[in-house]
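First up is the structure itself, then whatever we jot down about it.
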Number of protein chains: 2
Amino acid sequence: MSTIVIDTCAGEDQGREALAAAAIASLDLDVQMVVVGDEDEITSALDGLAHDAERLRVVHAADPLPENVDPRDIRQAAPRSSIAVGLELTARDPDAIFVSAGQPAAIVSLALQTLGRLPGVDRAALAAVYPTLRHRGPNDDPFALLLDVGATIECTSEHLLRFAAMGAAYASKISSVERPRVGLLANGNNPANAPLRVREAHHSLRGRDLPFEYIGLMRGDQVTHGEADVIVTDGFSGDVLVRTLEGVAATADALIRRAEARFKWRLGVQMLGGGIAKLREFTDWENYGGAPLLGLDRPVIVTQANSGSRAFVNAIRLGAKMQRLGVISAVAEAVMTSTAALGEEEPS
Amino acid sequence: MSTIVIDTCAGEDQGREALAAAAIASLDLDVQMVVVGDEDEITSALDGLAHDAERLRVVHAADPLPENVDPRDIRQAAPRSSIAVGLELTARDPDAIFVSAGQPAAIVSLALQTLGRLPGVDRAALAAVYPTLRHRGPNDDPFALLLDVGATIECTSEHLLRFAAMGAAYASKISSVERPRVGLLANGNNPANAPLRVREAHHSLRGRDLPFEYIGLMRGDQVTHGEADVIVTDGFSGDVLVRTLEGVAATADALIRRAEARFKWRLGVQMLGGGIAKLREFTDWENYGGAPLLGLDRPVIVTQANSGSRAFVNAIRLGAKMQRLGVISAVAEAVMTSTAALGEEEPS
């Protein structure tokens with residue numbers, strides 16, 4: 001049985017929705033929950049929530065995270081933050097998974113300090129799942145994977161190669177796609193115009209015998225189309241891309257709401273019913289459960305700061321699924337295999 | 001009167017729409033058109049197009065652009081390409097403007113080799129206009145500016161500072177916004193997490209007395225909201241961002257078309273009428289005329305490869321407007337003023 005360690009100090013609502021999800025999961029899912037945060041607040045909130053007390057343990061840790069500091073200094077500034085303590089608990093239990101809606105930079109930095117790295121991995125990658133027009137695999141999965149979306153802000157070509165292997169292994173397990181199609185995010189399809197790191201990674205991946213299919217450079221407008229199952233980029237561009245998608249979703253939603261406010265359009269929106277629902281589903285990040293942080297020896301799932309309980313429950317489900325399917329060992333194996341295939345030296 | 005030099009060898013349709021736009025502009029706008037391309041093809045196509053022959057000059061230049069070469073080698077490989085010759089004609093005429101739907105990397109490289117750079121500018125920036133929820137200025141302009149979107153793939157903080165000054169001067173003239181609000185694109189709002197170039201530029205811009213208002217770091221999801229009139233980034237991330245916006249627009253359109261294909265939704269789409277039109281207008285890049293390339297002593301406007309004649313006519317209008325409002329000298333002045341205010345040394 002998986003142990004889900006969940007941070008209830010983070011997010012825009014200070015953990016209310018995370019705790020609600022933990023309570024639901026303790027009743028409905030085959031998991032052991034550990035909720036980390038302010039014990040008094042958690043205990044009093046749990047009074048009003050149906051939950052299985054035997055499957056929900058509370059651990060007190062509520063040092064506030066310092067603001068505007070270098071993420072590497074967070075542990076020293078707040079040794080008993082819910083993230084630091086949650087990750088320590090996760091490190092001690094081989095069946096544990098950590099879920100948090102905290103600042104990704106803080107989670108990444110503390111995870112790298114607290115958990116073990118997979119052999120051959122020196123940098124972690126945060127992988128975002130996003131919907132595409134094309135569906136894939138036996139489950140008709142509309143989701144593709146983009147990594148890194150914020151863990152490693154400045155990348156070398158070696159980092160990109162490692163991220164390709166990790167992302168492909170993850171997608172292969174989670175979406176049951178046997179040989180995932182992997183693309184490198186670029187400014188256009190001509191390698192001569194790409195930054196050095198992308199050009200080098202492109203030349204390394206092309207024509208190699210790998211456990212995934214390298215399909216070449218991908219432009220931003222090819223991302224939502226879904227030709228690639230996995231798109232690899234540096235953490236800066238990945239963060240920009242995935243947040244832009246979120247922003248557009250919010251904008252489309254605002255435009256639809258404005259349309260609904262007009263009397264003569266309201267009926268049209270109602271009649272569209274399933275059509276609008278489809279557009280909204282496409283842009284509803286609550287469906288996707290959160291972003292796994294890859295490269296470490298435990299599953300870590302980062303959810304959005306404004307996640308509702310549904311998003312947290314989906315993140316908990318995702319964590320349990322990662323463990324059930326042995327995703328971490330598959331990622332570890334993929335890194336070894338592709339490092340060998342690419343003839344690279346292992347990073348220290 | 002402006003001279004518009006227009007490339008009719010580029011784009012997905014090999015210049016058909018560019019030529020149609022040139023014919024329209026020769027009749028309707030107060031401009032002199034120079035169309036550059038395959039003379040025989042242009043002459044025979046013009047037979048079927050209403051145009052003012054006195055205002056439309058044809059120049060033959062049709063060397064095909066080499067594929068997959070380093071953009072810096074294009075001139076030598078194809079000395080009489082329509083882009084190379086078009087830019088040479090533009091360099092010789094102080095009232096000329098160059099418009100092309102060619103590969104941005106080729107245009108940028110040839111423009112830097114052929115045209116003069118503004119004092120203090122060593123790298124050019126391609127600025128994309130995109131729609132936002134917030135409207136601005138006396139014209140209720142919904143458009144904001146993002147630069148660089150592909151001219152300078154790897155940037156230093158000095159490049160970003162120069163792009164901020166150029167973009168602000170451009171937006172101020174074109175959208176009549178007196179003190180444009182300028183943001184730096186980043187992965188989150190904490191400078192400690194940003195790449196070095198962004199962190200340095202942020203610290204340089206903060207609290208300085210500049211002809212624009214620096215409003216800080218902006219996340220990808222803040223872009224379409226429109227808080228900033230100008231968003232500054234490196235050419236790699238800018239290309240990714242703007243193409244992602246295009247891709248989402250195409251995806252939304254595909255989803256709406258799928259909805260229309262279902263009988264029971266068709267009526268709803270019809271009733272929505274103006275609502276869908278508003279969403280489509282928001283995502284219709286033909287309205288925006290193209291991306292100006294800033295930092296050079298002539299206006300250069302890059303249109304999308306799949307531009308229709310309406311997009312080219314809008315690009316021609318934009319070029320004429322840039323000249324009428326003295327945008328180039330305003331940009332030159334802004335670079336000098338902000339370089340002085342930021343206490344930087346001028347780049348050689």
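Ordered as shown in the structure tokens, chains take letters A, B, and onward, while each chain numbers its residues from 1 and ligands are numbered from 1 in the order shown.
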Exercise: Met322 of chain B partners within 12 Å, only C-alpha atoms, chain neighbours under 5 positions left out, as a ChimeraX atom specification
/B:2,4,95-98,169-175,292-294,297-301,315-317,327-331
Resulting file, chosen residues, N, CA, C and O atoms, as an mmCIF file, in the first residue's frame:
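Listed below is the output, result.cif:
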data_model
loop_
_atom_site.group_PDB
_atom_site.id
_atom_site.type_symbol
_atom_site.label_atom_id
_atom_site.label_comp_id
_atom_site.auth_asym_id
_atom_site.auth_seq_id
_atom_site.Cartn_x
_atom_site.Cartn_y
_atom_site.Cartn_z
ATOM 1 N N SER B 2 5.573 56.486 -48.826
ATOM 2 C CA SER B 2 6.394 55.318 -48.511
ATOM 3 C C SER B 2 6.577 54.424 -49.729
ATOM 4 O O SER B 2 5.696 54.321 -50.571
ATOM 5 N N ILE B 4 7.013 50.546 -50.451
ATOM 6 C CA ILE B 4 6.931 49.230 -49.809
ATOM 7 C C ILE B 4 7.574 48.211 -50.737
ATOM 8 O O ILE B 4 7.101 47.982 -51.848
ATOM 9 N N ASP B 95 13.000 56.066 -47.680
ATOM 10 C CA ASP B 95 11.559 55.947 -47.417
ATOM 11 C C ASP B 95 11.045 54.525 -47.587
ATOM 12 O O ASP B 95 9.826 54.312 -47.619
ATOM 13 N N ALA B 96 11.953 53.565 -47.744
ATOM 14 C CA ALA B 96 11.508 52.205 -48.048
ATOM 15 C C ALA B 96 11.259 51.378 -46.790
ATOM 16 O O ALA B 96 11.870 51.595 -45.740
ATOM 17 N N ILE B 97 10.361 50.419 -46.967
ATOM 18 C CA ILE B 97 9.975 49.457 -45.932
ATOM 19 C C ILE B 97 9.989 48.089 -46.594
ATOM 20 O O ILE B 97 9.523 47.955 -47.720
ATOM 21 N N PHE B 98 10.497 47.084 -45.879
ATOM 22 C CA PHE B 98 10.542 45.743 -46.464
ATOM 23 C C PHE B 98 9.517 44.844 -45.780
ATOM 24 O O PHE B 98 9.430 44.795 -44.553
ATOM 25 N N ALA B 169 9.327 52.105 -27.038
ATOM 26 C CA ALA B 169 9.232 53.222 -27.988
ATOM 27 C C ALA B 169 8.271 52.869 -29.119
ATOM 28 O O ALA B 169 7.448 53.690 -29.546
ATOM 29 N N TYR B 170 8.347 51.645 -29.591
ATOM 30 C CA TYR B 170 7.462 51.202 -30.674
ATOM 31 C C TYR B 170 6.001 51.232 -30.212
ATOM 32 O O TYR B 170 5.129 51.794 -30.875
ATOM 33 N N ALA B 171 5.731 50.652 -29.047
ATOM 34 C CA ALA B 171 4.351 50.586 -28.546
ATOM 35 C C ALA B 171 3.808 51.981 -28.287
ATOM 36 O O ALA B 171 2.640 52.270 -28.554
ATOM 37 N N SER B 172 4.678 52.837 -27.762
ATOM 38 C CA SER B 172 4.250 54.201 -27.455
ATOM 39 C C SER B 172 3.772 54.912 -28.715
ATOM 40 O O SER B 172 2.733 55.576 -28.726
ATOM 41 N N LYS B 173 4.510 54.761 -29.813
ATOM 42 C CA LYS B 173 4.130 55.401 -31.078
ATOM 43 C C LYS B 173 2.913 54.714 -31.696
ATOM 44 O O LYS B 173 1.943 55.379 -32.080
ATOM 45 N N ILE B 174 2.963 53.406 -31.833
ATOM 46 C CA ILE B 174 1.935 52.695 -32.613
ATOM 47 C C ILE B 174 0.595 52.641 -31.865
ATOM 48 O O ILE B 174 -0.463 52.795 -32.466
ATOM 49 N N SER B 175 0.638 52.435 -30.545
ATOM 50 C CA SER B 175 -0.623 52.337 -29.801
ATOM 51 C C SER B 175 -0.951 53.625 -29.051
ATOM 52 O O SER B 175 -1.939 53.665 -28.313
ATOM 53 N N PRO B 292 7.195 43.550 -36.605
ATOM 54 C CA PRO B 292 8.285 44.447 -36.992
ATOM 55 C C PRO B 292 9.617 43.967 -36.426
ATOM 56 O O PRO B 292 9.671 43.463 -35.306
ATOM 57 N N LEU B 293 10.658 44.115 -37.224
ATOM 58 C CA LEU B 293 12.015 43.800 -36.772
ATOM 59 C C LEU B 293 12.643 45.118 -36.319
ATOM 60 O O LEU B 293 12.784 46.041 -37.126
ATOM 61 N N LEU B 294 12.976 45.227 -35.045
ATOM 62 C CA LEU B 294 13.439 46.499 -34.487
ATOM 63 C C LEU B 294 14.948 46.499 -34.265
ATOM 64 O O LEU B 294 15.535 45.467 -33.941
ATOM 65 N N ASP B 297 17.790 50.534 -39.332
ATOM 66 C CA ASP B 297 17.448 51.896 -39.747
ATOM 67 C C ASP B 297 16.339 51.958 -40.804
ATOM 68 O O ASP B 297 16.082 53.019 -41.375
ATOM 69 N N ARG B 298 15.705 50.837 -41.068
ATOM 70 C CA ARG B 298 14.521 50.805 -41.939
ATOM 71 C C ARG B 298 13.478 49.910 -41.294
ATOM 72 O O ARG B 298 13.843 48.912 -40.647
ATOM 73 N N PRO B 299 12.184 50.187 -41.525
ATOM 74 C CA PRO B 299 11.170 49.235 -41.054
ATOM 75 C C PRO B 299 11.224 47.937 -41.865
ATOM 76 O O PRO B 299 11.276 47.966 -43.095
ATOM 77 N N VAL B 300 11.262 46.824 -41.166
ATOM 78 C CA VAL B 300 11.185 45.498 -41.793
ATOM 79 C C VAL B 300 10.036 44.777 -41.098
ATOM 80 O O VAL B 300 9.982 44.750 -39.863
ATOM 81 N N ILE B 301 9.112 44.233 -41.885
ATOM 82 C CA ILE B 301 7.956 43.562 -41.286
ATOM 83 C C ILE B 301 7.893 42.122 -41.779
ATOM 84 O O ILE B 301 7.891 41.867 -42.975
ATOM 85 N N ALA B 315 0.060 44.454 -43.133
ATOM 86 C CA ALA B 315 1.500 44.664 -42.948
ATOM 87 C C ALA B 315 1.960 45.913 -43.703
ATOM 88 O O ALA B 315 2.780 46.692 -43.200
ATOM 89 N N ILE B 316 1.440 46.099 -44.911
ATOM 90 C CA ILE B 316 1.796 47.288 -45.702
ATOM 91 C C ILE B 316 1.312 48.556 -44.994
ATOM 92 O O ILE B 316 2.042 49.548 -44.861
ATOM 93 N N ARG B 317 0.063 48.509 -44.487
ATOM 94 C CA ARG B 317 -0.471 49.640 -43.718
ATOM 95 C C ARG B 317 0.409 49.935 -42.517
ATOM 96 O O ARG B 317 0.692 51.082 -42.202
ATOM 97 N N VAL B 327 8.600 56.085 -36.346
ATOM 98 C CA VAL B 327 8.875 55.069 -35.325
ATOM 99 C C VAL B 327 10.367 54.759 -35.220
ATOM 100 O O VAL B 327 10.906 54.617 -34.124
ATOM 101 N N ILE B 328 11.042 54.693 -36.365
ATOM 102 C CA ILE B 328 12.464 54.319 -36.327
ATOM 103 C C ILE B 328 13.280 55.331 -35.519
ATOM 104 O O ILE B 328 14.094 54.944 -34.667
ATOM 105 N N SER B 329 13.028 56.640 -35.738
ATOM 106 C CA SER B 329 13.829 57.596 -34.968
ATOM 107 C C SER B 329 13.422 57.592 -33.497
ATOM 108 O O SER B 329 14.256 57.809 -32.623
ATOM 109 N N ALA B 330 12.145 57.308 -33.217
ATOM 110 C CA ALA B 330 11.731 57.195 -31.806
ATOM 111 C C ALA B 330 12.438 56.023 -31.128
ATOM 112 O O ALA B 330 12.871 56.128 -29.975
ATOM 113 N N VAL B 331 12.569 54.911 -31.845
ATOM 114 C CA VAL B 331 13.256 53.741 -31.286
ATOM 115 C C VAL B 331 14.732 54.080 -31.048
ATOM 116 O O VAL B 331 15.297 53.769 -29.992
#
Go through segment 69-261 of chain B and collect every residue that DSSP, computed from the backbone, puts in alpha helix (DSSP H); the answer should be as a compact mmCIF listing (two decimals) with N, CA and C atoms, in the first residue's frame.
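Output file states09.txt is given in full below:
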# COMPACT_ATOMS: atom_id res chain seq x y z
N ILE B 74 23.39 32.40 -46.00
CA ILE B 74 22.36 32.46 -47.04
C ILE B 74 22.75 33.41 -48.17
N ARG B 75 23.32 34.56 -47.78
CA ARG B 75 23.61 35.56 -48.79
C ARG B 75 24.59 35.04 -49.84
N GLN B 76 25.59 34.33 -49.34
CA GLN B 76 26.58 33.80 -50.27
C GLN B 76 26.00 32.68 -51.13
N ALA B 77 25.13 31.86 -50.52
CA ALA B 77 24.55 30.73 -51.26
C ALA B 77 23.51 31.19 -52.28
N SER B 82 14.99 36.77 -53.35
CA SER B 82 14.08 37.93 -53.26
C SER B 82 14.31 38.69 -51.95
N ILE B 83 14.70 37.99 -50.90
CA ILE B 83 14.94 38.68 -49.62
C ILE B 83 16.20 39.54 -49.71
N ALA B 84 17.29 38.96 -50.23
CA ALA B 84 18.56 39.71 -50.32
C ALA B 84 18.38 40.95 -51.19
N VAL B 85 17.77 40.78 -52.37
CA VAL B 85 17.60 41.91 -53.29
C VAL B 85 16.61 42.92 -52.73
N GLY B 86 15.52 42.42 -52.15
CA GLY B 86 14.52 43.31 -51.54
C GLY B 86 15.15 44.19 -50.47
N LEU B 87 16.01 43.60 -49.63
CA LEU B 87 16.65 44.37 -48.57
C LEU B 87 17.66 45.36 -49.13
N GLU B 88 18.35 44.99 -50.23
CA GLU B 88 19.28 45.94 -50.86
C GLU B 88 18.53 47.17 -51.40
N LEU B 89 17.38 46.93 -52.04
CA LEU B 89 16.56 48.04 -52.52
C LEU B 89 16.09 48.91 -51.35
N THR B 90 15.75 48.27 -50.25
CA THR B 90 15.28 48.98 -49.07
C THR B 90 16.40 49.85 -48.48
N ALA B 91 17.62 49.29 -48.49
CA ALA B 91 18.76 50.03 -47.92
C ALA B 91 19.04 51.30 -48.71
N ARG B 92 18.77 51.26 -50.03
CA ARG B 92 19.11 52.40 -50.89
C ARG B 92 18.11 53.55 -50.80
N PRO B 104 11.82 33.75 -40.89
CA PRO B 104 12.32 34.84 -40.06
C PRO B 104 13.83 34.81 -39.89
N ALA B 105 14.41 33.63 -39.71
CA ALA B 105 15.86 33.56 -39.46
C ALA B 105 16.63 34.10 -40.68
N ALA B 106 16.14 33.81 -41.87
CA ALA B 106 16.81 34.30 -43.09
C ALA B 106 16.66 35.81 -43.20
N ILE B 107 15.47 36.31 -42.94
CA ILE B 107 15.24 37.76 -43.04
C ILE B 107 16.11 38.50 -42.03
N VAL B 108 16.14 38.00 -40.79
CA VAL B 108 16.90 38.67 -39.74
C VAL B 108 18.38 38.71 -40.12
N SER B 109 18.90 37.57 -40.56
CA SER B 109 20.31 37.49 -40.87
C SER B 109 20.67 38.42 -42.03
N LEU B 110 19.87 38.39 -43.09
CA LEU B 110 20.15 39.25 -44.25
C LEU B 110 19.93 40.72 -43.91
N ALA B 111 18.94 41.03 -43.09
CA ALA B 111 18.69 42.43 -42.71
C ALA B 111 19.86 42.99 -41.92
N LEU B 112 20.42 42.17 -41.00
CA LEU B 112 21.57 42.63 -40.22
C LEU B 112 22.80 42.84 -41.10
N GLN B 113 22.89 42.07 -42.19
CA GLN B 113 24.03 42.22 -43.11
C GLN B 113 23.84 43.38 -44.08
N THR B 114 22.59 43.75 -44.35
CA THR B 114 22.32 44.68 -45.45
C THR B 114 21.93 46.08 -44.97
N SER B 157 21.74 40.03 -20.62
CA SER B 157 20.85 41.01 -19.98
C SER B 157 20.89 42.34 -20.73
N GLU B 158 22.04 42.69 -21.30
CA GLU B 158 22.13 43.95 -22.06
C GLU B 158 21.19 43.91 -23.26
N HIS B 159 21.12 42.77 -23.93
CA HIS B 159 20.17 42.67 -25.05
C HIS B 159 18.75 42.89 -24.55
N LEU B 160 18.41 42.28 -23.44
CA LEU B 160 17.04 42.41 -22.92
C LEU B 160 16.73 43.87 -22.59
N LEU B 161 17.71 44.59 -22.03
CA LEU B 161 17.50 46.01 -21.69
C LEU B 161 17.24 46.82 -22.96
N ARG B 162 18.03 46.54 -24.00
CA ARG B 162 17.85 47.26 -25.26
C ARG B 162 16.48 46.93 -25.87
N PHE B 163 16.07 45.69 -25.77
CA PHE B 163 14.78 45.28 -26.33
C PHE B 163 13.63 45.98 -25.58
N ALA B 164 13.81 46.15 -24.27
CA ALA B 164 12.78 46.83 -23.48
C ALA B 164 12.60 48.27 -23.99
N ALA B 165 13.72 48.96 -24.21
CA ALA B 165 13.65 50.35 -24.69
C ALA B 165 13.04 50.42 -26.08
N MET B 166 13.45 49.51 -26.97
CA MET B 166 12.95 49.53 -28.34
C MET B 166 11.46 49.20 -28.38
N GLY B 167 11.07 48.19 -27.63
CA GLY B 167 9.66 47.77 -27.62
C GLY B 167 8.76 48.86 -27.06
N ALA B 168 9.24 49.51 -25.99
CA ALA B 168 8.43 50.56 -25.37
C ALA B 168 8.25 51.73 -26.34
N ALA B 169 9.33 52.11 -27.04
CA ALA B 169 9.23 53.22 -27.99
C ALA B 169 8.27 52.87 -29.12
N TYR B 170 8.35 51.65 -29.59
CA TYR B 170 7.46 51.20 -30.67
C TYR B 170 6.00 51.23 -30.21
N ALA B 171 5.73 50.65 -29.05
CA ALA B 171 4.35 50.59 -28.55
C ALA B 171 3.81 51.98 -28.29
N SER B 172 4.68 52.84 -27.76
CA SER B 172 4.25 54.20 -27.46
C SER B 172 3.77 54.91 -28.72
N LYS B 173 4.51 54.76 -29.81
CA LYS B 173 4.13 55.40 -31.08
C LYS B 173 2.91 54.71 -31.70
N ILE B 174 2.96 53.41 -31.83
CA ILE B 174 1.93 52.69 -32.61
C ILE B 174 0.60 52.64 -31.87
N LEU B 196 20.06 33.87 -15.01
CA LEU B 196 20.93 35.02 -14.72
C LEU B 196 20.61 36.25 -15.57
N ARG B 197 20.42 36.05 -16.90
CA ARG B 197 20.16 37.20 -17.78
C ARG B 197 18.93 37.98 -17.35
N VAL B 198 17.89 37.24 -16.92
CA VAL B 198 16.63 37.87 -16.53
C VAL B 198 16.81 38.58 -15.19
N ARG B 199 17.52 37.92 -14.27
CA ARG B 199 17.75 38.49 -12.94
C ARG B 199 18.52 39.80 -13.06
N GLU B 200 19.57 39.78 -13.87
CA GLU B 200 20.39 41.00 -14.04
C GLU B 200 19.57 42.12 -14.68
N ALA B 201 18.81 41.80 -15.71
CA ALA B 201 18.00 42.83 -16.38
C ALA B 201 16.96 43.40 -15.41
N HIS B 202 16.37 42.52 -14.60
CA HIS B 202 15.38 42.94 -13.61
C HIS B 202 15.99 43.94 -12.63
N HIS B 203 17.18 43.64 -12.12
CA HIS B 203 17.81 44.53 -11.15
C HIS B 203 18.21 45.86 -11.80
N SER B 204 18.58 45.83 -13.09
CA SER B 204 18.94 47.07 -13.78
C SER B 204 17.72 47.96 -14.00
N LEU B 205 16.58 47.36 -14.30
CA LEU B 205 15.41 48.16 -14.67
C LEU B 205 14.66 48.70 -13.46
N GLY B 220 4.13 33.35 -17.80
CA GLY B 220 3.46 33.06 -19.07
C GLY B 220 1.95 33.25 -19.01
N ASP B 221 1.35 32.93 -17.86
CA ASP B 221 -0.11 33.05 -17.79
C ASP B 221 -0.56 34.50 -17.63
N GLN B 222 0.39 35.42 -17.39
CA GLN B 222 0.03 36.83 -17.29
C GLN B 222 0.07 37.50 -18.66
N VAL B 223 0.61 36.80 -19.65
CA VAL B 223 0.84 37.40 -20.96
C VAL B 223 -0.47 37.80 -21.63
N GLY B 235 14.94 35.44 -27.81
CA GLY B 235 14.30 34.98 -29.03
C GLY B 235 13.82 33.54 -29.00
N PHE B 236 14.47 32.71 -28.20
CA PHE B 236 14.04 31.31 -28.12
C PHE B 236 12.70 31.20 -27.40
N SER B 237 12.63 31.75 -26.19
CA SER B 237 11.38 31.67 -25.42
C SER B 237 10.26 32.44 -26.10
N GLY B 238 10.62 33.56 -26.72
CA GLY B 238 9.61 34.38 -27.39
C GLY B 238 9.00 33.64 -28.57
N ASP B 239 9.85 32.95 -29.34
CA ASP B 239 9.35 32.14 -30.45
C ASP B 239 8.43 31.05 -29.93
N VAL B 240 8.88 30.37 -28.88
CA VAL B 240 8.06 29.29 -28.30
C VAL B 240 6.72 29.85 -27.84
N LEU B 241 6.75 30.98 -27.15
CA LEU B 241 5.52 31.53 -26.59
C LEU B 241 4.53 31.92 -27.70
N VAL B 242 5.01 32.65 -28.68
CA VAL B 242 4.10 33.17 -29.69
C VAL B 242 3.57 32.04 -30.57
N ARG B 243 4.39 31.05 -30.81
CA ARG B 243 3.90 29.92 -31.61
C ARG B 243 2.95 29.04 -30.80
N THR B 244 3.17 28.98 -29.50
CA THR B 244 2.21 28.24 -28.67
C THR B 244 0.84 28.92 -28.73
N LEU B 245 0.84 30.26 -28.67
CA LEU B 245 -0.43 30.99 -28.80
C LEU B 245 -1.11 30.67 -30.13
N GLU B 246 -0.32 30.64 -31.20
CA GLU B 246 -0.88 30.29 -32.51
C GLU B 246 -1.45 28.87 -32.50
N GLY B 247 -0.69 27.95 -31.89
CA GLY B 247 -1.11 26.55 -31.85
C GLY B 247 -2.41 26.38 -31.09
N VAL B 248 -2.54 27.10 -29.97
CA VAL B 248 -3.76 27.01 -29.19
C VAL B 248 -4.93 27.58 -29.99
N ALA B 249 -4.66 28.68 -30.70
CA ALA B 249 -5.72 29.27 -31.53
C ALA B 249 -6.19 28.26 -32.57
N ALA B 250 -5.25 27.58 -33.20
CA ALA B 250 -5.61 26.58 -34.21
C ALA B 250 -6.38 25.42 -33.58
N THR B 251 -5.96 25.03 -32.36
CA THR B 251 -6.62 23.94 -31.66
C THR B 251 -8.06 24.31 -31.28
N ALA B 252 -8.22 25.53 -30.75
CA ALA B 252 -9.57 25.99 -30.39
C ALA B 252 -10.45 26.00 -31.63
N ASP B 253 -9.90 26.46 -32.74
CA ASP B 253 -10.65 26.51 -33.98
C ASP B 253 -11.06 25.09 -34.42
N ALA B 254 -10.12 24.15 -34.30
CA ALA B 254 -10.43 22.77 -34.68
C ALA B 254 -11.54 22.20 -33.79
N LEU B 255 -11.49 22.53 -32.49
CA LEU B 255 -12.52 22.02 -31.57
C LEU B 255 -13.88 22.63 -31.92
N ILE B 256 -13.90 23.93 -32.25
CA ILE B 256 -15.16 24.57 -32.62
C ILE B 256 -15.69 23.95 -33.91
N ARG B 257 -14.79 23.69 -34.86
CA ARG B 257 -15.23 23.09 -36.12
C ARG B 257 -15.80 21.69 -35.90
N ARG B 258 -15.17 20.94 -34.98
CA ARG B 258 -15.72 19.62 -34.65
C ARG B 258 -17.12 19.76 -34.07
N ALA B 259 -17.30 20.78 -33.21
CA ALA B 259 -18.61 21.01 -32.60
C ALA B 259 -19.64 21.33 -33.68
N GLU B 260 -19.22 22.15 -34.65
CA GLU B 260 -20.14 22.54 -35.72
C GLU B 260 -20.56 21.34 -36.57
N ALA B 261 -19.66 20.35 -36.64
CA ALA B 261 -19.95 19.19 -37.47
C ALA B 261 -21.07 18.33 -36.86
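Between Pro191 of chain A and the residues B:Asp28, B:Gly102, B:Gln304, B:Asp70, the shortest atom-to-atom distance, using only C-alpha atoms, involves B:Asp70.
The environment of Val34 of chain A within 8 Å, counting only C-alpha atoms and disregarding residues fewer than 2 places along the same chain, consists of Thr3, Ile4, Val5, Ile6, Gln32, Val36, Leu56, Arg57, Val58 and Val59 of chain A.
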Filtering to N, CA and C atoms, could you give me those residues as a JSON list (two decimals), in the first residue's frame?
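The resulting again_8.json:
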[["chain", "number", "residue", "atom", "x", "y", "z"],
["A", 3, "THR", "N", 2.07, 5.06, 0.70],
["A", 3, "THR", "CA", 1.91, 6.11, 1.70],
["A", 3, "THR", "C", 1.97, 7.44, 0.98],
["A", 4, "ILE", "N", 0.91, 8.22, 1.08],
["A", 4, "ILE", "CA", 0.92, 9.54, 0.42],
["A", 4, "ILE", "C", 1.18, 10.59, 1.49],
["A", 5, "VAL", "N", 2.31, 11.27, 1.37],
["A", 5, "VAL", "CA", 2.64, 12.37, 2.28],
["A", 5, "VAL", "C", 2.18, 13.65, 1.59],
["A", 6, "ILE", "N", 1.24, 14.35, 2.22],
["A", 6, "ILE", "CA", 0.66, 15.51, 1.53],
["A", 6, "ILE", "C", 0.84, 16.78, 2.35],
["A", 32, "GLN", "N", -2.30, 4.97, 2.51],
["A", 32, "GLN", "CA", -2.11, 5.51, 3.86],
["A", 32, "GLN", "C", -1.76, 6.98, 3.70],
["A", 36, "VAL", "N", 0.84, 16.81, 6.46],
["A", 36, "VAL", "CA", 1.87, 17.58, 7.14],
["A", 36, "VAL", "C", 1.46, 19.05, 7.13],
["A", 56, "LEU", "N", -5.15, 8.06, 8.32],
["A", 56, "LEU", "CA", -4.76, 9.46, 8.14],
["A", 56, "LEU", "C", -3.98, 9.91, 9.37],
["A", 57, "ARG", "N", -2.68, 10.04, 9.18],
["A", 57, "ARG", "CA", -1.81, 10.43, 10.29],
["A", 57, "ARG", "C", -1.47, 11.91, 10.11],
["A", 58, "VAL", "N", -1.40, 12.67, 11.22],
["A", 58, "VAL", "CA", -1.08, 14.09, 11.15],
["A", 58, "VAL", "C", 0.33, 14.31, 11.69],
["A", 59, "VAL", "N", 1.15, 15.04, 10.94],
["A", 59, "VAL", "CA", 2.49, 15.40, 11.41],
["A", 59, "VAL", "C", 2.60, 16.92, 11.44]]
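Shortest atom-to-atom contact with chain B among A:Gly290, A:Pro71, A:Gly326, A:Gly48: A:Pro71, counting only C-alpha atoms.
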Pick from A:Ala341, A:Ala23, A:Arg134, A:Leu49, whichever lies nearest to chain B using only C-alpha atoms:
A:Arg134
Could you pull the residues within 7 Å of Thr152 of chain B, counting only C-alpha atoms, minus those fewer than 4 positions along the same chain, as a ChimeraX atom specification?
/B:123-125,148,234-235
Nearby residues (only C-alpha atoms) at most 6 Å from Thr8 of chain B, same-chain spacing under 5 positions excluded, as a ChimeraX atom specification:
/B:15,18,36-37
The selected residues should be written to file as a short mmCIF file (atom, residue, chain, number, x, y, z; two decimals), in the first residue's frame (atoms: all heavy atoms).
data_model
loop_
_atom_site.label_atom_id
_atom_site.label_comp_id
_atom_site.auth_asym_id
_atom_site.auth_seq_id
_atom_site.Cartn_x
_atom_site.Cartn_y
_atom_site.Cartn_z
N GLY B 15 3.97 33.35 -52.76
CA GLY B 15 3.83 34.77 -53.07
C GLY B 15 2.53 35.22 -53.71
O GLY B 15 2.35 36.42 -53.95
N ALA B 18 0.80 37.68 -51.43
CA ALA B 18 1.60 38.90 -51.29
C ALA B 18 1.41 39.78 -52.51
O ALA B 18 1.26 41.01 -52.41
CB ALA B 18 3.09 38.54 -51.12
N VAL B 36 9.22 42.06 -55.53
CA VAL B 36 10.46 41.37 -55.84
C VAL B 36 10.18 39.87 -55.95
O VAL B 36 9.61 39.29 -55.03
CB VAL B 36 11.52 41.62 -54.75
CG1 VAL B 36 12.86 41.02 -55.15
CG2 VAL B 36 11.66 43.11 -54.48
N GLY B 37 10.57 39.28 -57.07
CA GLY B 37 10.34 37.84 -57.24
C GLY B 37 10.63 37.43 -58.68
O GLY B 37 11.43 38.09 -59.36
#
